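> Questions regarding the structure given below will be posed in turn.
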Amino acid sequence: MQHQFTTNISKQMQAITANGYSVIFNVEGYKELNKQISENNYSTIFIIVDSTTNEVCLPKLLPIIETESPIEIIEFDAGEINKTIETCIQIWNVLTELRADRKSLIINLGGGVVTDLGGFVASTFKRGIDFINIPTTLLAMVDASIGGKTGIDLGNLKNQIGVINNPNLVIIDSGFLATLPQTEMRSGLAEILKHGLIFDLSYWKQFLDLSKLDFADFDSIIFDSIKIKNEIVMQDPMEKGIRKALNFGHTLGHAIESYFMDNPTKKSLLHGEAIAIGMILESYISMLKNLISKEEYLEIKSTIKSIFEDVIFDKSDIQSILDLLIHDKKNENGKINFVLLDGIGKFIINQGVDNELIISSFEDYKL
């Protein structure tokens, strides 16, 4: 079953205080943007966009910015395939050619690829300059907006290079959601579902029957999802403990995403599409370890499968995905660590999982 997601932006949401910065919604966010630009007297403002947000999002932002400082636009080609050190080098060179200095500001306008890469560029150029994120996809709004993770891919390995460094401000303008295709909206919904599964049973329950959920107003859904992630990150900014919970679905999901991205015979998966599969697989493993009941597992599986299309895996696919797990960032001392559910709305971290259980989870996913 495929669901159509529409938006009707109406609510004024209160700012969320994160670790040293604020997440501010809609019009109030742009007021704060202009306030920070005025107070900091930036020498130059650089706006990093990809080829998509340059066309559909930048025309909305530019007239809003109030400044006498020069504004320069830096564009790179859209897509995860360009989230690389080569793209960073090109942008660092442009910044240098345009005489960017430590009093420059970078505004990252785009989805997670733009905010991850742009944040990494800003964090490393001249050992760090100010940056502001304006995420334009649902996924980036509920995921990349909190936690200060910046970075790039290393070959087909997701986010292998990066630093944790917080922006000066995050603006959530849910009006940008109107520019997204339905596949991108579904991709973002995966992270929203994850926040319910690991942290809030009542939030998860909202999504059991999407026909009863009012998707006409995404603001409150986004607000609640950001609050959940922020509550976790504020307790563990550097991911030594509880913050690992946010990796639920990502151990297998990232490996699946990397495998499909690097395999020319496969259609690439969006991040959320891969994470949705990962959440089903890791929920099944949670059931096999008696951490959730069969009923809870079937509820998770049926809910996610009602939103996302099935993906076909053969034996060679599964083996290749298993081989990629060794590169997962959560590994310690050569051990692959999973986040599993400990009942819906709760989690348990640092769980070892045998390959047999992983293979079994793929077999059940096919059913």
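FYI, nothing fancy with the structure tokens labels: chains A, B, ... in order, residues from 1 per chain, ligands from 1 as they appear.
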Give me the residues within 9 Å of stretch 116-123 of chain A as a PyMOL selection string, counting only C-alpha atoms and dropping any in the same chain fewer than 5 places off.
chain A and resi 48-49+83-85+87-89+91-92+105-109+111+128-133+144+148-152+159+162-167
> Would you please give, as a PyMOL selection string, all residues of stretch 139-340 of chain A that DSSP assigns to helix (DSSP H, G or I) based on the backbone?
chain A and resi 139-144+174-179+182-199+201-205+210-212+219-235+242-247+250-262+271-288+294-305+315-327
> Identify which of the residues A:Met287, A:Leu281, A:Ile344, A:Ala274 lies closest to A:Lys205, counting only C-alpha atoms when measuring atom-to-atom distances.
A:Ile344
> When you draw a straight line from atom CA of A:Thr52 to atom CA of A:Phe207, how long is it in Å?
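Between atom CA of A:Thr52 and atom CA of A:Phe207 the gap is 29.7 Å.
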> Out of A:Gly343, A:Lys229, A:Ser211, A:Lys103, which residue has the shortest atom-to-atom distance to A:Asn41 when counting only C-alpha atoms?
A:Lys103
> Near A:Ala100, within 9 Å and counting only C-alpha atoms, which residues show up once chain neighbours fewer than 6 positions away are dropped, as a PyMOL selection string?
chain A and resi 43-46+94
> Using Å and a single decimal, report how far atom CA of A:Lys60 sits from atom CA of A:Ser22.
21.7 Å
> Can I get the residues of stretch 182-226 of chain A within 10 Å of stretch 289-308 of chain A, each with the closest pair of atoms and their distance in Å to one decimal, using only C-alpha atoms, sorted chain first then ascending number, as a tab-separated table?

residue	atom	partner	partner_atom	distance
A:Thr183	CA	A:Phe308	CA	9.1
A:Arg186	CA	A:Ile307	CA	7.3
A:Ser187	CA	A:Phe308	CA	8.7
A:Leu189	CA	A:Ile307	CA	9.0
A:Ala190	CA	A:Ile304	CA	8.1
A:Leu193	CA	A:Ile304	CA	8.4
A:Leu197	CA	A:Ile300	CA	8.6
A:Trp204	CA	A:Ile300	CA	9.4
A:Lys205	CA	A:Glu299	CA	10.0
A:Phe207	CA	A:Thr303	CA	7.6
A:Leu208	CA	A:Thr303	CA	5.8
A:Asp209	CA	A:Thr303	CA	7.8
A:Leu210	CA	A:Ile307	CA	8.9
> One decimal, in Å: what's the spacing between atom CA of A:Ser51 and atom CA of A:Asp77?
5.1 Å
> If you count only C-alpha atoms, which residues fall within 12 Å of A:Lys158, apart from same-chain ones fewer than 4 positions away, as a ChimeraX atom specification?
/A:80-84,113,116,150-154,162,250-262,271,324-325,327-329
> Would you kindly return, as a list in words, each protein, DNA or RNA residue with an atom no farther than 10 Å from any atom of A:Tyr42, considering only C-alpha atoms and excluding same-chain residues fewer than 4 positions away?
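Contacts, in chain order: Gln36, Ile37, Ser38, Thr67, Glu68, Ser69, Pro70, Asp101, Arg102, Lys103, Ser104, Leu105, Ile106 and Asp130 of chain A.
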> Taking only C-alpha atoms into account, which of A:Asp342, A:Tyr365, A:Leu357, A:Val114 comes nearest A:Ile312?
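So, comparing all the options, the nearest one is A:Tyr365.
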> Going by DSSP on the backbone, which bits of stretch 140-210 of chain A are strand (DSSP E or B)? Write them as a PyMOL selection string, please.
chain A and resi 149-154+157-164+169-172
> Any chance you can output those residues with N, CA and C atoms as a PDB file, in the first residue's frame?

ATOM      1  N   LYS A 149      26.329  15.763  14.075  1.00  0.00           N
ATOM      2  CA  LYS A 149      27.122  14.836  13.274  1.00  0.00           C
ATOM      3  C   LYS A 149      27.324  15.420  11.874  1.00  0.00           C
ATOM      4  N   THR A 150      28.579  15.537  11.478  1.00  0.00           N
ATOM      5  CA  THR A 150      28.916  15.970  10.125  1.00  0.00           C
ATOM      6  C   THR A 150      29.794  14.895   9.508  1.00  0.00           C
ATOM      7  N   GLY A 151      29.840  14.837   8.184  1.00  0.00           N
ATOM      8  CA  GLY A 151      30.743  13.845   7.616  1.00  0.00           C
ATOM      9  C   GLY A 151      30.438  13.493   6.182  1.00  0.00           C
ATOM     10  N   ILE A 152      31.261  12.587   5.681  1.00  0.00           N
ATOM     11  CA  ILE A 152      31.200  12.151   4.296  1.00  0.00           C
ATOM     12  C   ILE A 152      31.382  10.634   4.249  1.00  0.00           C
ATOM     13  N   ASP A 153      31.085  10.070   3.081  1.00  0.00           N
ATOM     14  CA  ASP A 153      31.261   8.640   2.869  1.00  0.00           C
ATOM     15  C   ASP A 153      32.690   8.350   2.405  1.00  0.00           C
ATOM     16  N   LEU A 154      33.138   7.146   2.668  1.00  0.00           N
ATOM     17  CA  LEU A 154      34.444   6.679   2.189  1.00  0.00           C
ATOM     18  C   LEU A 154      34.163   5.512   1.249  1.00  0.00           C
ATOM     19  N   LEU A 157      31.121   3.212   2.000  1.00  0.00           N
ATOM     20  CA  LEU A 157      30.911   3.100   3.446  1.00  0.00           C
ATOM     21  C   LEU A 157      30.367   4.420   3.989  1.00  0.00           C
ATOM     22  N   LYS A 158      29.176   4.346   4.565  1.00  0.00           N
ATOM     23  CA  LYS A 158      28.452   5.533   4.976  1.00  0.00           C
ATOM     24  C   LYS A 158      29.132   6.248   6.145  1.00  0.00           C
ATOM     25  N   ASN A 159      29.311   7.558   5.989  1.00  0.00           N
ATOM     26  CA  ASN A 159      29.706   8.441   7.093  1.00  0.00           C
ATOM     27  C   ASN A 159      30.940   7.962   7.846  1.00  0.00           C
ATOM     28  N   GLN A 160      31.910   7.435   7.114  1.00  0.00           N
ATOM     29  CA  GLN A 160      33.122   6.914   7.769  1.00  0.00           C
ATOM     30  C   GLN A 160      34.055   8.031   8.233  1.00  0.00           C
ATOM     31  N   ILE A 161      33.970   9.188   7.584  1.00  0.00           N
ATOM     32  CA  ILE A 161      34.854  10.314   7.916  1.00  0.00           C
ATOM     33  C   ILE A 161      33.991  11.469   8.392  1.00  0.00           C
ATOM     34  N   GLY A 162      34.305  12.040   9.544  1.00  0.00           N
ATOM     35  CA  GLY A 162      33.520  13.166  10.010  1.00  0.00           C
ATOM     36  C   GLY A 162      33.868  13.559  11.428  1.00  0.00           C
ATOM     37  N   VAL A 163      33.208  14.614  11.884  1.00  0.00           N
ATOM     38  CA  VAL A 163      33.387  15.101  13.252  1.00  0.00           C
ATOM     39  C   VAL A 163      32.018  15.442  13.822  1.00  0.00           C
ATOM     40  N   ILE A 164      31.925  15.441  15.145  1.00  0.00           N
ATOM     41  CA  ILE A 164      30.729  15.958  15.808  1.00  0.00           C
ATOM     42  C   ILE A 164      30.999  17.418  16.149  1.00  0.00           C
ATOM     43  N   LEU A 169      22.887  27.374  14.491  1.00  0.00           N
ATOM     44  CA  LEU A 169      21.435  27.474  14.456  1.00  0.00           C
ATOM     45  C   LEU A 169      20.910  26.444  13.464  1.00  0.00           C
ATOM     46  N   VAL A 170      19.724  25.895  13.745  1.00  0.00           N
ATOM     47  CA  VAL A 170      19.016  25.063  12.777  1.00  0.00           C
ATOM     48  C   VAL A 170      17.630  25.665  12.575  1.00  0.00           C
ATOM     49  N   ILE A 171      17.258  25.840  11.314  1.00  0.00           N
ATOM     50  CA  ILE A 171      15.935  26.363  10.978  1.00  0.00           C
ATOM     51  C   ILE A 171      15.122  25.248  10.329  1.00  0.00           C
ATOM     52  N   ILE A 172      13.966  24.962  10.898  1.00  0.00           N
ATOM     53  CA  ILE A 172      13.056  23.981  10.320  1.00  0.00           C
ATOM     54  C   ILE A 172      11.920  24.737   9.631  1.00  0.00           C
TER      55      ILE A 172
END
> I'd like to know which of A:Val233, A:Ile16, A:Ile74, A:Leu61 is closest to A:Leu33, using only C-alpha atoms.
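Nearest to A:Leu33: A:Leu61.
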> Would you please work out which residue, of A:Glu239, A:Thr124, A:Asp354, A:Cys57, is nearest to A:Ala178 when using only C-alpha atoms?
A:Cys57
